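S.K.: Got a structure for you, model-v8.cif, holding mmCIF, C-alpha atoms.
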```cif
data_work
#
loop_
_atom_site.label_atom_id
_atom_site.label_comp_id
_atom_site.auth_asym_id
_atom_site.auth_seq_id
_atom_site.Cartn_x
_atom_site.Cartn_y
_atom_site.Cartn_z
CA MET U 1 41.40 -11.52 7.81
CA VAL U 2 39.37 -10.14 4.93
CA PRO U 3 40.30 -11.91 1.64
CA ARG U 4 41.70 -9.60 -1.04
CA ARG U 5 38.94 -10.69 -3.42
CA ASP U 6 36.31 -9.42 -0.98
CA LEU U 7 38.12 -6.11 -0.57
CA VAL U 8 38.15 -5.64 -4.35
CA LYS U 9 34.49 -6.66 -4.60
CA GLY U 10 33.46 -4.31 -1.82
CA SER U 11 35.18 -1.35 -3.39
CA SER U 12 34.51 -2.03 -7.08
CA ASN U 13 31.64 0.47 -7.45
CA SER U 14 33.67 3.31 -5.92
CA LEU U 15 36.69 2.45 -8.05
CA LEU U 16 34.71 2.33 -11.29
CA LEU U 17 32.80 5.53 -10.56
CA SER U 18 36.02 7.28 -9.60
CA LEU U 19 37.79 6.31 -12.83
CA ILE U 20 34.84 7.24 -15.02
CA GLU U 21 34.43 10.55 -13.22
CA GLN U 22 37.94 11.59 -14.27
CA GLN U 23 37.21 10.91 -17.93
CA PRO U 24 34.73 8.85 -19.97
CA MET U 25 36.23 5.39 -20.56
CA TYR U 26 35.47 2.13 -22.37
CA GLY U 27 35.76 -1.31 -20.77
CA TYR U 28 39.24 -2.35 -21.86
CA GLN U 29 40.60 1.09 -20.98
CA ILE U 30 39.14 0.75 -17.46
CA VAL U 31 40.85 -2.65 -16.98
CA LYS U 32 44.22 -1.21 -18.02
CA GLU U 33 43.81 1.93 -15.91
CA LEU U 34 42.87 -0.05 -12.80
CA ALA U 35 45.85 -2.39 -13.18
CA ALA U 36 48.29 0.46 -13.94
CA ARG U 37 47.18 2.84 -11.20
CA SER U 38 47.01 0.16 -8.51
CA GLN U 39 50.35 -1.31 -9.68
CA GLY U 40 48.66 -4.62 -10.42
CA TYR U 41 46.75 -4.89 -7.12
CA PHE U 42 43.31 -4.68 -8.73
CA ARG U 43 43.33 -7.60 -11.15
CA PHE U 44 40.21 -9.61 -11.87
CA LYS U 45 38.63 -11.66 -14.64
CA GLU U 46 38.10 -9.02 -17.30
CA GLY U 47 34.77 -10.39 -18.50
CA THR U 48 33.29 -9.69 -15.07
CA LEU U 49 33.89 -5.95 -15.48
CA TYR U 50 30.91 -5.61 -17.83
CA PRO U 51 28.27 -6.99 -15.45
CA ALA U 52 29.59 -4.51 -12.83
CA LEU U 53 29.37 -1.63 -15.33
CA HIS U 54 25.90 -2.68 -16.45
CA ARG U 55 24.69 -2.84 -12.84
CA LEU U 56 25.89 0.74 -12.33
CA GLU U 57 24.18 1.73 -15.57
CA LYS U 58 20.90 0.09 -14.51
CA SER U 59 21.09 2.01 -11.24
CA GLY U 60 21.44 5.25 -13.23
CA LEU U 61 24.92 6.03 -11.87
CA ILE U 62 26.64 5.89 -15.26
CA THR U 63 25.49 5.87 -18.85
CA GLY U 64 27.04 4.10 -21.86
CA ARG U 65 27.22 5.46 -25.40
CA TRP U 66 28.60 3.79 -28.51
CA GLN U 67 31.19 5.76 -30.45
CA ILE U 68 32.56 4.95 -33.88
CA LEU U 69 36.33 5.33 -34.17
CA PRO U 70 38.05 6.65 -37.32
CA ASN U 71 39.09 3.04 -38.16
CA GLY U 72 35.40 2.03 -38.21
CA ARG U 73 35.47 0.06 -34.95
CA GLN U 74 32.96 0.75 -32.20
CA ARG U 75 33.53 1.28 -28.52
CA ARG U 76 31.11 1.86 -25.70
CA TYR U 77 32.21 4.78 -23.55
CA TYR U 78 30.82 5.21 -20.06
CA TYR U 79 29.95 8.62 -18.58
CA ILE U 80 29.15 9.41 -14.98
CA THR U 81 25.69 10.87 -14.33
CA SER U 82 24.80 13.51 -11.72
CA LYS U 83 23.32 10.71 -9.58
CA GLY U 84 26.63 8.85 -9.93
CA GLN U 85 28.58 11.94 -8.89
CA ALA U 86 26.48 12.34 -5.76
CA LYS U 87 26.91 8.65 -4.92
CA LEU U 88 30.68 8.85 -5.48
CA ALA U 89 30.98 11.92 -3.23
CA LEU U 90 29.19 10.00 -0.48
CA GLU U 91 31.34 6.89 -0.95
CA LYS U 92 34.55 8.95 -1.00
CA SER U 93 33.57 10.52 2.31
CA GLN U 94 32.82 7.07 3.80
CA TRP U 95 36.16 5.72 2.52
CA HIS U 96 37.95 8.74 3.98
CA ASP U 97 36.40 8.17 7.41
CA PHE U 98 37.16 4.44 7.24
CA LEU U 99 40.80 4.96 6.20
CA THR U 100 41.33 7.59 8.91
CA ALA U 101 39.96 5.21 11.54
CA VAL U 102 42.11 2.29 10.29
CA LYS U 103 45.18 4.53 10.20
CA LEU U 104 44.59 5.66 13.79
CA ILE U 105 44.68 2.03 14.90
CA LEU U 106 47.49 0.75 12.67
CA GLN U 107 49.75 3.76 13.21
CA PRO U 108 48.98 4.96 16.73
CA GLY U 109 50.21 8.45 17.50
CA PRO U 110 51.81 9.63 20.77
CA SER U 111 48.42 10.71 22.16
CA SER U 112 46.97 7.18 21.97
CA SER U 113 49.00 5.91 24.92
CA MET L 114 36.29 -15.08 -36.19
CA THR L 115 37.90 -18.33 -35.00
CA LEU L 116 35.83 -21.30 -33.83
CA GLU L 117 37.21 -20.88 -30.30
CA LEU L 118 36.09 -17.25 -30.11
CA THR L 119 32.71 -17.99 -31.70
CA GLN L 120 32.10 -20.79 -29.19
CA TYR L 121 33.19 -18.56 -26.29
CA LEU L 122 30.82 -15.75 -27.26
CA GLU L 123 27.97 -18.12 -28.19
CA SER L 124 28.28 -19.88 -24.86
CA ILE L 125 28.05 -16.59 -22.93
CA LYS L 126 25.18 -15.43 -25.14
CA HIS L 127 23.26 -18.64 -24.48
CA ASP L 128 23.83 -18.78 -20.72
CA ALA L 129 23.28 -15.05 -20.08
CA ARG L 130 19.72 -15.38 -21.52
CA LEU L 131 19.26 -11.70 -22.26
CA GLU L 132 16.36 -9.99 -23.97
CA ASN L 133 17.06 -9.23 -27.63
CA ALA L 134 17.06 -5.49 -26.93
CA VAL L 135 20.21 -5.67 -24.75
CA GLU L 136 21.86 -8.84 -26.05
CA THR L 137 23.42 -7.22 -29.13
CA ASP L 138 24.98 -4.40 -27.07
CA VAL L 139 26.40 -6.72 -24.42
CA MET L 140 27.87 -9.16 -26.94
CA SER L 141 29.32 -6.39 -29.13
CA GLU L 142 31.02 -4.90 -26.09
CA LEU L 143 32.64 -8.21 -25.12
CA GLU L 144 33.72 -8.78 -28.71
CA ALA L 145 35.25 -5.28 -28.94
CA HIS L 146 37.16 -5.93 -25.68
CA ILE L 147 38.56 -9.22 -26.99
CA GLU L 148 39.52 -7.64 -30.33
CA ASP L 149 41.36 -4.80 -28.55
CA LYS L 150 43.22 -7.14 -26.28
CA VAL L 151 44.15 -9.66 -28.99
CA HIS L 152 45.38 -6.79 -31.18
CA GLU L 153 47.55 -5.49 -28.34
CA LEU L 154 48.94 -8.94 -27.50
CA THR L 155 49.82 -9.73 -31.13
CA GLU L 156 51.61 -6.37 -31.37
CA SER L 157 53.66 -7.36 -28.33
CA GLY L 158 54.90 -10.44 -30.20
CA LEU L 159 52.42 -13.25 -29.52
CA SER L 160 50.97 -15.29 -32.35
CA GLU L 161 47.26 -14.86 -33.16
CA LYS L 162 46.47 -18.21 -31.50
CA GLU L 163 48.52 -17.51 -28.34
CA ALA L 164 47.00 -14.03 -28.05
CA LEU L 165 43.47 -15.37 -28.22
CA GLU L 166 44.19 -18.10 -25.66
CA THR L 167 45.73 -15.60 -23.25
CA CYS L 168 42.91 -13.15 -23.78
CA LEU L 169 40.11 -15.69 -23.20
CA GLY L 170 41.92 -16.97 -20.11
CA GLU L 171 42.00 -13.45 -18.68
CA MET L 172 38.40 -12.76 -19.61
CA GLY L 173 37.23 -15.57 -17.32
CA GLY L 174 35.23 -18.74 -17.86
CA THR L 175 32.04 -18.46 -19.89
CA ARG L 176 29.90 -19.71 -16.99
CA LEU L 177 31.26 -17.10 -14.59
CA VAL L 178 30.86 -14.21 -17.04
CA ALA L 179 27.40 -15.37 -18.22
CA ARG L 180 26.19 -15.86 -14.63
CA GLN L 181 27.26 -12.36 -13.65
CA ILE L 182 25.68 -10.85 -16.77
CA TYR L 183 22.47 -12.81 -16.05
CA GLU L 184 22.39 -11.50 -12.48
CA ALA L 185 23.01 -7.94 -13.66
CA TYR L 186 19.90 -8.04 -15.84
CA SER L 187 17.63 -10.67 -14.28
CA GLN L 188 15.97 -8.63 -11.55
CA GLY L 189 12.71 -7.11 -12.72
CA SER L 190 11.03 -4.02 -11.28
CA TRP L 191 8.04 -4.22 -8.93
CA LYS L 192 5.89 -3.10 -11.87
CA LEU L 193 7.13 -6.08 -13.88
CA ALA L 194 6.52 -8.37 -10.88
CA LEU L 195 2.90 -7.16 -10.71
CA LEU L 196 2.34 -7.52 -14.45
CA THR L 197 3.78 -11.06 -14.42
CA SER L 198 1.76 -12.24 -11.43
CA LEU L 199 -1.45 -10.54 -12.59
CA PRO L 200 -2.99 -13.57 -14.40
CA HIS L 201 -2.57 -15.71 -11.25
CA LEU L 202 -4.10 -12.93 -9.16
CA LEU L 203 -7.04 -12.62 -11.57
CA PHE L 204 -7.72 -16.36 -11.45
CA GLY L 205 -7.28 -16.32 -7.68
CA LEU L 206 -9.82 -13.48 -7.30
CA LEU L 207 -12.19 -15.24 -9.69
CA PHE L 208 -12.50 -18.06 -7.14
CA VAL L 209 -12.03 -16.18 -3.86
CA LEU L 210 -14.85 -13.77 -4.80
CA ASN L 211 -16.90 -16.58 -6.39
CA TRP L 212 -16.95 -14.79 -9.75
CA TRP L 213 -16.29 -18.08 -11.55
CA GLN L 214 -20.07 -18.70 -11.43
CA TYR L 215 -20.71 -15.74 -13.74
CA PRO L 216 -19.93 -16.54 -17.39
CA GLY L 217 -19.40 -12.81 -18.02
CA TRP L 218 -16.49 -12.50 -15.56
CA LEU L 219 -15.02 -15.85 -16.61
CA SER L 220 -15.11 -14.88 -20.31
CA LEU L 221 -13.69 -11.44 -19.52
CA VAL L 222 -10.67 -12.89 -17.64
CA LEU L 223 -10.07 -15.50 -20.38
CA LEU L 224 -10.37 -12.88 -23.15
CA LEU L 225 -8.04 -10.48 -21.32
CA THR L 226 -5.51 -13.28 -20.84
CA LEU L 227 -5.69 -14.32 -24.49
CA ALA L 228 -5.44 -10.74 -25.80
CA THR L 229 -2.48 -9.94 -23.50
CA THR L 230 -0.65 -13.11 -24.55
CA VAL L 231 -1.16 -12.50 -28.27
CA TYR L 232 0.02 -8.89 -27.84
CA ALA L 233 3.13 -9.98 -25.92
CA TRP L 234 3.95 -12.86 -28.28
CA TRP L 235 4.03 -10.49 -31.27
CA HIS L 236 6.03 -7.85 -29.37
CA GLY L 237 9.23 -9.79 -28.72
CA LYS L 238 8.03 -12.15 -25.95
CA PRO L 239 8.96 -10.00 -22.93
CA THR L 240 9.54 -11.74 -19.58
CA TRP L 241 6.05 -11.00 -18.27
CA ALA L 242 4.40 -12.76 -21.22
CA PHE L 243 5.12 -16.32 -20.09
CA SER L 244 2.90 -16.44 -17.02
CA TRP L 245 -0.03 -15.25 -19.17
CA LEU L 246 0.81 -17.79 -21.84
CA GLY L 247 0.23 -20.68 -19.40
CA TYR L 248 -3.45 -19.75 -19.06
CA THR L 249 -4.04 -19.62 -22.81
CA LEU L 250 -3.50 -23.39 -22.71
CA LEU L 251 -6.74 -23.63 -20.67
CA PRO L 252 -9.05 -23.62 -23.73
CA VAL L 253 -7.01 -26.58 -25.08
CA LEU L 254 -7.59 -28.39 -21.77
CA ALA L 255 -11.28 -27.44 -21.91
CA VAL L 256 -11.64 -28.98 -25.40
CA GLY L 257 -10.11 -32.18 -24.01
CA LEU L 258 -12.74 -32.19 -21.24
CA ILE L 259 -15.60 -31.85 -23.72
CA LEU L 260 -14.48 -34.88 -25.76
CA PRO L 261 -15.96 -37.57 -23.43
CA TYR L 262 -19.40 -35.97 -23.91
CA LEU L 263 -19.39 -36.51 -27.70
CA PRO L 264 -21.11 -39.59 -29.25
CA ARG L 265 -18.78 -42.59 -28.90
CA VAL L 266 -17.53 -42.79 -32.54
CA TRP L 267 -16.99 -39.03 -32.72
CA SER L 268 -15.32 -39.04 -29.35
CA PHE L 269 -12.84 -41.72 -30.50
CA LEU L 270 -12.08 -39.86 -33.76
CA ALA L 271 -11.71 -36.54 -31.92
CA LEU L 272 -9.33 -38.13 -29.40
CA LEU L 273 -7.18 -39.44 -32.27
CA ILE L 274 -6.87 -35.92 -33.69
CA TYR L 275 -6.93 -34.01 -30.41
CA PHE L 276 -4.06 -35.62 -28.51
CA PRO L 277 -1.38 -35.49 -31.23
CA THR L 278 -2.38 -31.91 -32.17
CA ALA L 279 -2.47 -30.69 -28.55
CA LEU L 280 0.86 -32.36 -27.74
CA TRP L 281 2.48 -31.00 -30.90
CA TRP L 282 1.24 -27.49 -30.09
CA LEU L 283 2.46 -27.70 -26.50
CA PHE L 284 5.86 -29.01 -27.65
CA HIS L 285 6.10 -26.20 -30.22
CA ILE L 286 5.34 -23.53 -27.60
CA ILE L 287 7.85 -25.02 -25.15
CA VAL L 288 10.57 -25.07 -27.85
CA GLN L 289 9.82 -21.44 -28.74
CA THR L 290 9.88 -20.41 -25.07
CA ASN L 291 13.04 -22.42 -24.41
CA LYS L 292 14.82 -20.26 -26.99
CA ARG L 293 14.65 -17.48 -24.38
CA ASP L 294 15.08 -19.56 -21.22
CA TRP L 295 13.85 -22.96 -20.06
CA LEU L 296 12.90 -21.39 -16.72
CA PHE L 297 10.24 -19.38 -18.58
CA SER L 298 8.77 -22.64 -19.89
CA SER L 299 8.57 -23.88 -16.30
CA LEU L 300 6.99 -20.55 -15.35
CA MET L 301 4.47 -20.95 -18.15
CA LEU L 302 3.55 -24.51 -17.09
CA LEU L 303 3.53 -23.73 -13.34
CA PRO L 304 -0.31 -23.62 -13.02
CA LEU L 305 -0.61 -27.06 -14.71
CA PRO L 306 -0.23 -29.30 -11.59
CA VAL L 307 -2.56 -26.94 -9.69
CA ILE L 308 -5.27 -27.07 -12.37
CA ILE L 309 -4.93 -30.87 -12.76
CA GLY L 310 -5.00 -31.32 -8.96
CA TRP L 311 -8.18 -29.30 -8.48
CA PHE L 312 -9.81 -30.92 -11.49
CA LEU L 313 -9.15 -34.41 -10.07
CA ALA L 314 -10.41 -33.33 -6.66
CA ILE L 315 -13.64 -31.99 -8.12
CA SER L 316 -14.30 -34.55 -10.81
CA SER L 317 -12.30 -37.74 -10.30
CA SER L 318 -14.36 -39.56 -12.98
CA GLY L 319 -13.48 -36.93 -15.60
CA ARG L 320 -17.11 -35.82 -15.98
CA PHE L 321 -18.70 -32.65 -14.68
CA THR L 322 -21.93 -33.24 -12.75
CA GLU L 323 -24.09 -31.17 -10.44
CA TYR L 324 -22.03 -32.56 -7.56
CA SER L 325 -18.78 -31.34 -9.22
CA LEU L 326 -20.19 -27.82 -9.27
CA GLN L 327 -21.12 -28.09 -5.59
CA LEU L 328 -17.56 -29.21 -4.83
CA LEU L 329 -16.17 -26.37 -6.93
CA ASP L 330 -18.25 -23.93 -4.92
CA TYR L 331 -17.08 -25.53 -1.67
CA PHE L 332 -13.39 -25.53 -2.61
CA ALA L 333 -13.45 -22.09 -4.30
CA PRO L 334 -11.62 -20.21 -1.47
CA TRP L 335 -8.81 -22.81 -1.45
CA ILE L 336 -8.61 -22.82 -5.23
CA GLY L 337 -8.28 -19.04 -5.05
CA LEU L 338 -5.62 -19.36 -2.36
CA SER L 339 -3.52 -21.76 -4.49
CA PHE L 340 -3.57 -19.25 -7.38
CA ILE L 341 -2.60 -16.45 -5.00
CA VAL L 342 0.35 -18.60 -3.84
CA LEU L 343 1.33 -18.87 -7.52
CA ALA L 344 1.07 -15.07 -7.85
CA LEU L 345 3.35 -14.54 -4.86
CA THR L 346 5.79 -17.10 -6.27
CA ILE L 347 5.98 -15.24 -9.57
CA ALA L 348 6.45 -11.88 -7.89
CA ALA L 349 9.36 -13.30 -5.86
CA PHE L 350 10.74 -15.01 -9.00
CA ILE L 351 10.88 -11.69 -10.85
CA ARG L 352 12.62 -9.93 -7.95
CA LEU L 353 15.29 -12.62 -7.45
CA ARG L 354 18.60 -12.26 -9.26
CA GLN L 355 20.21 -15.67 -8.74
CA ARG L 356 19.16 -18.44 -11.05
CA TRP L 357 19.52 -21.26 -8.51
CA LEU L 358 17.21 -19.39 -6.14
CA ARG L 359 14.64 -19.06 -8.91
CA VAL L 360 14.76 -22.82 -9.60
CA GLY L 361 14.44 -23.54 -5.86
CA LEU L 362 11.51 -21.14 -5.59
CA LEU L 363 9.57 -22.80 -8.42
CA ALA L 364 10.18 -26.27 -6.95
CA THR L 365 9.12 -25.16 -3.45
CA SER L 366 6.03 -23.39 -4.75
CA GLY L 367 5.02 -26.46 -6.80
CA LEU L 368 5.37 -28.69 -3.75
CA LEU L 369 3.48 -26.22 -1.56
CA THR L 370 0.50 -25.81 -3.90
CA VAL L 371 0.17 -29.57 -4.51
CA THR L 372 0.32 -30.21 -0.73
CA LEU L 373 -2.25 -27.43 -0.21
CA ILE L 374 -4.64 -29.11 -2.67
CA VAL L 375 -4.26 -32.55 -1.04
CA HIS L 376 -4.63 -31.04 2.43
CA TYR L 377 -7.86 -29.16 1.73
CA THR L 378 -9.48 -31.97 -0.24
CA ILE L 379 -9.12 -34.66 2.45
CA GLY L 380 -10.43 -37.95 1.13
CA ARG L 381 -10.85 -36.72 -2.45
CA LEU L 382 -7.25 -37.37 -3.52
CA ASN L 383 -5.31 -40.45 -2.43
CA THR L 384 -1.57 -40.86 -1.86
CA PHE L 385 -1.14 -42.29 -5.35
CA THR L 386 -2.67 -39.14 -6.91
CA PHE L 387 -0.52 -36.95 -4.64
CA PHE L 388 2.65 -38.63 -5.93
CA GLY L 389 1.27 -38.40 -9.48
CA LEU L 390 0.86 -34.63 -9.02
CA ILE L 391 4.39 -34.35 -7.61
CA LEU L 392 5.59 -36.18 -10.71
CA VAL L 393 3.71 -33.69 -12.94
CA MET L 394 5.25 -30.85 -10.95
CA TRP L 395 8.79 -32.18 -11.44
CA GLY L 396 7.97 -32.81 -15.11
CA VAL L 397 6.89 -29.18 -15.49
CA LEU L 398 10.14 -28.06 -13.91
CA LEU L 399 12.60 -30.46 -15.51
CA VAL L 400 11.27 -31.33 -18.99
CA PRO L 401 12.04 -27.84 -20.38
CA ALA L 402 15.57 -28.06 -18.87
CA LEU L 403 16.19 -31.48 -20.45
CA LEU L 404 14.79 -30.27 -23.75
CA GLU L 405 17.14 -27.29 -23.69
CA HIS L 406 20.10 -29.55 -22.92
CA TYR L 407 19.20 -31.66 -25.97
CA LEU L 408 18.74 -28.60 -28.23
CA LYS L 409 22.03 -27.09 -26.97
CA SER L 410 23.99 -30.20 -28.00
CA GLY L 411 22.41 -29.95 -31.47
CA ARG L 412 23.37 -26.25 -31.71
CA LYS L 413 27.00 -26.99 -30.83
CA ILE L 414 27.23 -29.63 -33.59
CA THR L 415 25.66 -27.21 -36.12
CA LEU L 416 28.12 -24.47 -35.13
CA ARG L 417 31.11 -26.81 -35.57
CA ARG L 418 29.82 -28.06 -38.95
CA ARG L 419 29.19 -24.51 -40.19
CA HIS L 420 32.68 -23.47 -39.15
CA THR L 421 34.27 -26.50 -40.86
CA ALA L 422 32.28 -25.71 -44.03
CA ASP L 423 33.41 -22.04 -43.92
CA SER L 424 37.05 -23.08 -43.45
CA THR L 425 36.85 -25.53 -46.39
CA ALA L 426 35.27 -22.85 -48.63
CA GLN L 427 38.12 -20.45 -47.85
#
```
Kindly return the structure encoded in the file as structure tokens.
M.R.:
Amino acid sequence: MVPRRDLVKGSSNSLLLSLIEQQPMYGYQIVKELAARSQGYFRFKEGTLYPALHRLEKSGLITGRWQILPNGRQRRYYYITSKGQAKLALEKSQWHDFLTAVKLILQPGPSSS
Amino acid sequence: MTLELTQYLESIKHDARLENAVETDVMSELEAHIEDKVHELTESGLSEKEALETCLGEMGGTRLVARQIYEAYSQGSWKLALLTSLPHLLFGLLFVLNWWQYPGWLSLVLLLTLATTVYAWWHGKPTWAFSWLGYTLLPVLAVGLILPYLPRVWSFLALLIYFPTALWWLFHIIVQTNKRDWLFSSLMLLPLPVIIGWFLAISSSGRFTEYSLQLLDYFAPWIGLSFIVLALTIAAFIRLRQRWLRVGLLATSGLLTVTLIVHYTIGRLNTFTFFGLILVMWGVLLVPALLEHYLKSGRKITLRRRHTADSTAQ
């Protein structure tokens, strides 16, 4: 059986790119969105989110920009790049194929007999 | 900022060992995250202290976060790998192609090394600077070799001045380098066992004679090869992400080069010298780490004292 931690690790890039594609987000917002949308399934040590984001940024898939809020505080928002969009499209297609194949095995239809 | 939060961030900052250019951004981002979360938790009814404890617990241990940040930034490009291993390659070529016999080439390589090191030292000590820095210690070693040729009284006086000054300078450079990362100090000192090994093989009495030059000429291809091994080590070091792999690589390379020297100089170096060189190699690898451990303890005490003083003043 694949441990849940490994599943999260293996899909973290796709998840982060997918969230950032929908709208530019800052780190804490990403943590909350991931937990809320997955109903608590994707929980991890929050400090480890930043190395993952920075790896994506170093690969040119996302880009971070500091923004000053009206209350004077600063936040670093992440934006997806065109390279990131292309990578996400590819990963989405791979996930789709994978999920379809898993579904065919876990929920066999009448034709499979 | 509370002492707990300061220590948490300082610990990550220290262990992540980032270049100044990115360190501020990374630390500000973590701090902003903690502030947001603590603010949200206190609004939900927790006390300031409880909120911070919960928040830091959910952030993850400092070692885990720092290790992952280190690995996100540690891998250098191939260009950086080439730039970092270039001084070893130059010294390797100097011997493989027998250019060491021409003072012009020798001076050119030494001048290039010195100029590159000075440039890098004044431009924020980038990662690639440390392998070049090791070779700028060569003139210091060369001065030490000239001392036995001075008249006896002068030689004694010079030794009295030379050793404390050279040791102080070396210590100063290691402390400065350790501020970035003790592994860079080890990287800087990596050629030391190789240079000492070849020197002992060529001139065991400590004096250069006509015979030493003949031996140097005879061993030149193997001397070149040992520097090329160092170059390959550095290139692999720059490309590796994991710290423990980097430490293992430096230790293996040190052992390999020392064995290579003893192997190709059969009869010139005895078992005692071999173990002496291994000791130098481990010293090169571990002294910077021990020094950092000592300096880190001092920093923690200073941080606690400063915080106590701030609290008393308020």
S.K.: Within 7 Å of chain L, which residues belong to chain U? Use all atoms listed in the file and report them as a PyMOL selection string.
M.R.: chain U and resi 27-28+45-48+51+54-55+75-76
S.K.: Using all atoms listed in the file, can you tell me which of U:Trp66, U:Gln22, U:Gln39, U:Leu15 comes closest to U:Leu53?
M.R.: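 Of U:Trp66, U:Gln22, U:Gln39, U:Leu15, the one nearest U:Leu53, counting all atoms listed in the file, is U:Leu15.
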S.K.: Given the file above and the PyMOL selection byres ((chain U and resi 63) around 8), which residues are selected, and can you give them as a ChimeraX atom specification?
M.R.: /U:57,60-62,64-65,78-81
S.K.: Enumerate, as a list of chain:residue names, the residues matched when the PyMOL selection byres ((chain L and resi 350-366) around 6) is run on the file above.
M.R.: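 On this input, the PyMOL selection byres ((chain L and resi 350-366) around 6) captures L:Glu184, L:Ser187, L:Gln188, L:Gly189, L:Ala194, L:Ile347, L:Ala348, L:Ala349, L:Gly367, L:Leu368, L:Leu369.
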S.K.: Once the PyMOL selection byres ((chain L and resi 343) around 10) is applied to the coordinates I shared, what remains selected? I want it as a list in words.
M.R.: Ser198, Pro200, His201, Leu202, Gly205, Ser244, Leu300, Leu303, Pro304, Val307, Gly337, Leu338, Ser339, Phe340, Ile341, Val342, Ala344, Leu345, Thr346, Ile347, Ala348, Ala349, Leu363, Ser366, Gly367, Leu369 and Thr370 of chain L
S.K.: Have a look at L:Thr249, L:Ser410, L:Ser317, L:Ser268 and name the one nearest to L:Leu302; count all atoms listed in the file.
M.R.: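 Nearest candidate to L:Leu302 out of L:Thr249, L:Ser410, L:Ser317, L:Ser268: L:Thr249.
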S.K.: Near L:Glu161, counting only C-alpha atoms, which residues have an atom at most 10 Å away, once you skip same-chain residues fewer than 5 positions from it, shown as a short mmCIF file (atom, residue, chain, number, x, y, z; two decimals) with C-alpha atoms, keeping the file's coordinate frame?
M.R.:
```cif
data_model
loop_
_atom_site.label_atom_id
_atom_site.label_comp_id
_atom_site.auth_asym_id
_atom_site.auth_seq_id
_atom_site.Cartn_x
_atom_site.Cartn_y
_atom_site.Cartn_z
CA VAL L 151 44.15 -9.66 -28.99
CA HIS L 152 45.38 -6.79 -31.18
CA LEU L 154 48.94 -8.94 -27.50
CA THR L 155 49.82 -9.73 -31.13
CA GLU L 156 51.61 -6.37 -31.37
CA GLU L 166 44.19 -18.10 -25.66
#
```
S.K.: Could you model N, CA and C atoms for stretch 213-224 of chain L and present them as a compact mmCIF listing (two decimals), in the coordinates of the input?
M.R.:
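Below is the file that was written, selection.txt:
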```
# COMPACT_ATOMS: atom_id res chain seq x y z
N TRP L 213 -16.36 -17.01 -10.54
CA TRP L 213 -16.29 -18.08 -11.55
C TRP L 213 -17.69 -18.53 -11.97
N GLN L 214 -18.71 -18.26 -11.13
CA GLN L 214 -20.07 -18.70 -11.43
C GLN L 214 -20.73 -17.83 -12.51
N TYR L 215 -20.13 -16.65 -12.75
CA TYR L 215 -20.71 -15.74 -13.74
C TYR L 215 -19.96 -15.85 -15.06
N PRO L 216 -20.62 -16.37 -16.10
CA PRO L 216 -19.93 -16.54 -17.39
C PRO L 216 -19.30 -15.25 -17.90
N GLY L 217 -19.92 -14.11 -17.56
CA GLY L 217 -19.40 -12.81 -18.02
C GLY L 217 -17.99 -12.56 -17.49
N TRP L 218 -17.81 -12.73 -16.18
CA TRP L 218 -16.49 -12.50 -15.56
C TRP L 218 -15.46 -13.50 -16.08
N LEU L 219 -15.92 -14.77 -16.17
CA LEU L 219 -15.02 -15.85 -16.61
C LEU L 219 -14.52 -15.56 -18.04
N SER L 220 -15.47 -15.18 -18.91
CA SER L 220 -15.11 -14.88 -20.31
C SER L 220 -14.19 -13.67 -20.37
N LEU L 221 -14.49 -12.67 -19.52
CA LEU L 221 -13.69 -11.44 -19.52
C LEU L 221 -12.22 -11.76 -19.15
N VAL L 222 -12.04 -12.54 -18.09
CA VAL L 222 -10.67 -12.89 -17.64
C VAL L 222 -9.96 -13.71 -18.73
N LEU L 223 -10.69 -14.68 -19.32
CA LEU L 223 -10.07 -15.50 -20.38
C LEU L 223 -9.71 -14.66 -21.60
N LEU L 224 -10.62 -13.75 -21.99
CA LEU L 224 -10.37 -12.88 -23.15
C LEU L 224 -9.18 -11.96 -22.90
```
